[in-house]
Amino acid sequence: MKRAQKFFSLLLAVVMAFTLCAPAFAAENDTTKLVLLGDSIAQGYGLGNGYTDWYDLGYGKIIAEANGYDYVNHAIGGHTTYNLNARLQEETVISDVADADIIAVSIGGNNFLLGGMQQMIIDAILFKKYDLIEKTIGEFYVDFGLALDKIKAINPEAQLLVQTLYNPRDDILGTVYQRAVDLLNEAITNIAVERNGAYVVVDIYPAFEGHIEYIQDDKIHPNETGHYVIASEYLKVLKDLGLGEADKPLSDMPEIEIPLTFWQKIIEFFKGILSFIF
């Protein structure tokens, strides 16, 4: 009988000790969760050797590693604000958004690319008309507003961050893209103000201005260096908000490959011929 009493006393002590320690243990493992939403920029399109690499090489993963966050990426290439609204009705996305501490959104570029960009270019270059660009911005205001309402309804407590867009072109099309980018970034900033600071704007545009070497050869998506730069801008904002300690990525900036000019390519071509002959 005494042995049984001793056994139950010991068992009770163990249970009580575990109960007392459990909250502390849970607190230690209560890791901040970062969820990315949006388009191919957030997805990491074009990085590494294929689709499965993109999510692990983009700026979201860089941010998460620098601050020790849990990380989930629900961004999909080609998505517009319309698609973002549809994604916010999917169970897996709703679940992760509801569980998120930080939600980062990249959206808007495809509203132009898939909303008649060729016609926008023709109208702008030949006729100096920007009606279609302005119409697209009007639609962005409506769709993005609906997406914000859904995010806030799912998780009103999460810190929401929305990034601006860069101009990926430095050629004749760059002036048309610039008009669209300026209006989109203005809209992103204005909506934040109109909604009483519903989100914090991460302004990546200045960091990309004049740095076409941050863009992939497709003249749309950021390369590895571009993602590093985007991550750096996010980390500064997150530190200012008290949501992280790091103000830069853990690794050094990838080496920048500056594209050759037309004449440099010609010179390199003849160098190759001469080295082959001699």
# chains A, B, ... in the order shown; residues from 1 in each chain; ligands from 1
$ select_by_dssp --residues "segment 6-204 of chain A" --states "helix (DSSP H, G or I)" --output "MDAnalysis selection string"
chainID A and resid 6:28 40:43 51:57 59:67 81:87 91:98 109:113 117:127 131:154 174:194
$ closest_atom_pairs --of "segment 104-198 of chain A" --to "segment 70-86 of chain A" --cutoff "12 Å" --atoms "only C-alpha atoms" --output "tab-separated table"
residue	atom	partner	partner_atom	distance
A:Ala104	CA	A:Asn73	CA	9.5
A:Val105	CA	A:Ala75	CA	8.5
A:Ser106	CA	A:Ala75	CA	8.3
A:Ile107	CA	A:Thr80	CA	6.4
A:Gly108	CA	A:Thr80	CA	6.0
A:Gly109	CA	A:Thr80	CA	7.4
A:Asn110	CA	A:Thr80	CA	5.3
A:Asn111	CA	A:Thr80	CA	5.3
A:Phe112	CA	A:Thr80	CA	8.8
A:Leu113	CA	A:Gly78	CA	8.8
A:Leu114	CA	A:Gly78	CA	8.0
A:Gly115	CA	A:Thr80	CA	9.4
A:Thr136	CA	A:Thr81	CA	10.9
A:Ile137	CA	A:Thr81	CA	11.0
A:Gly138	CA	A:Thr81	CA	11.8
A:Glu139	CA	A:Thr81	CA	8.9
A:Phe140	CA	A:Thr81	CA	6.7
A:Tyr141	CA	A:Thr81	CA	9.3
A:Val142	CA	A:Thr81	CA	9.0
A:Asp143	CA	A:Thr81	CA	5.6
A:Phe144	CA	A:Thr81	CA	5.7
A:Gly145	CA	A:Thr81	CA	9.2
A:Leu146	CA	A:Asn85	CA	7.1
A:Ala147	CA	A:Asn85	CA	5.2
A:Leu148	CA	A:Asn85	CA	8.9
A:Asp149	CA	A:Asn85	CA	9.7
A:Lys150	CA	A:Asn85	CA	7.7
A:Ile151	CA	A:Asn85	CA	9.3
$ select_by_dssp --residues "segment 29-236 of chain A" --states "strand (DSSP E or B)" --output "count of residues only"
25
$ residues_around --residues "Val201 of chain A" --least-positions-apart "6" --cutoff "8 Å" --atoms "only C-alpha atoms" --output "compact mmCIF listing (two decimals) with N, CA and C atoms, in the first residue's frame"
# COMPACT_ATOMS: atom_id res chain seq x y z
N LEU A 161 2.06 44.15 -44.33
CA LEU A 161 3.04 44.93 -45.07
C LEU A 161 2.74 44.80 -46.56
N VAL A 162 2.78 45.91 -47.29
CA VAL A 162 2.55 45.89 -48.73
C VAL A 162 3.70 46.63 -49.41
N GLN A 163 4.31 45.98 -50.39
CA GLN A 163 5.46 46.60 -51.04
C GLN A 163 5.08 47.34 -52.31
N THR A 164 5.88 48.35 -52.64
CA THR A 164 5.70 49.07 -53.88
C THR A 164 6.33 48.28 -55.02
N ILE A 188 -0.98 52.49 -53.76
CA ILE A 188 -0.63 51.69 -52.57
C ILE A 188 -0.43 52.60 -51.36
N THR A 189 0.23 53.72 -51.56
CA THR A 189 0.45 54.67 -50.46
C THR A 189 -0.85 55.32 -50.02
N ALA A 192 -3.28 53.03 -47.99
CA ALA A 192 -2.83 52.86 -46.60
C ALA A 192 -3.29 54.03 -45.74
$ residues_around --residues "Asp96 of chain A" --least-positions-apart "3" --cutoff "10 Å" --atoms "only C-alpha atoms" --output "ChimeraX atom specification"
/A:33-36,71-74,91-93,99-101,103,154-155
$ atom_distance --atom1 "atom CA of Val176 of chain A" --atom2 "atom CA of Met120 of chain A"
7.7 Å
$ closest_residue --among "A:Ser40, A:Thr225, A:Asn185, A:Asn67" --to "Met253 of chain A" --atoms "only C-alpha atoms"
A:Thr225
$ decode --residues "segment 179-194 of chain A" --atoms "C-alpha atoms" --output "PDB file, in the first residue's frame"
ATOM      1  CA  ARG A 179       3.659  55.832 -65.713  1.00  0.00           C
ATOM      2  CA  ALA A 180       2.031  52.593 -64.546  1.00  0.00           C
ATOM      3  CA  VAL A 181       4.499  52.090 -61.684  1.00  0.00           C
ATOM      4  CA  ASP A 182       4.094  55.669 -60.441  1.00  0.00           C
ATOM      5  CA  LEU A 183       0.308  55.398 -60.377  1.00  0.00           C
ATOM      6  CA  LEU A 184       0.378  51.971 -58.725  1.00  0.00           C
ATOM      7  CA  ASN A 185       2.791  53.071 -56.000  1.00  0.00           C
ATOM      8  CA  GLU A 186       0.739  56.196 -55.418  1.00  0.00           C
ATOM      9  CA  ALA A 187      -2.359  54.023 -55.043  1.00  0.00           C
ATOM     10  CA  ILE A 188      -0.628  51.688 -52.574  1.00  0.00           C
ATOM     11  CA  THR A 189       0.455  54.670 -50.459  1.00  0.00           C
ATOM     12  CA  ASN A 190      -2.927  56.416 -50.659  1.00  0.00           C
ATOM     13  CA  ILE A 191      -4.946  53.343 -49.731  1.00  0.00           C
ATOM     14  CA  ALA A 192      -2.828  52.863 -46.601  1.00  0.00           C
ATOM     15  CA  VAL A 193      -3.627  56.440 -45.543  1.00  0.00           C
ATOM     16  CA  GLU A 194      -7.307  56.224 -46.498  1.00  0.00           C
TER      17      GLU A 194
END
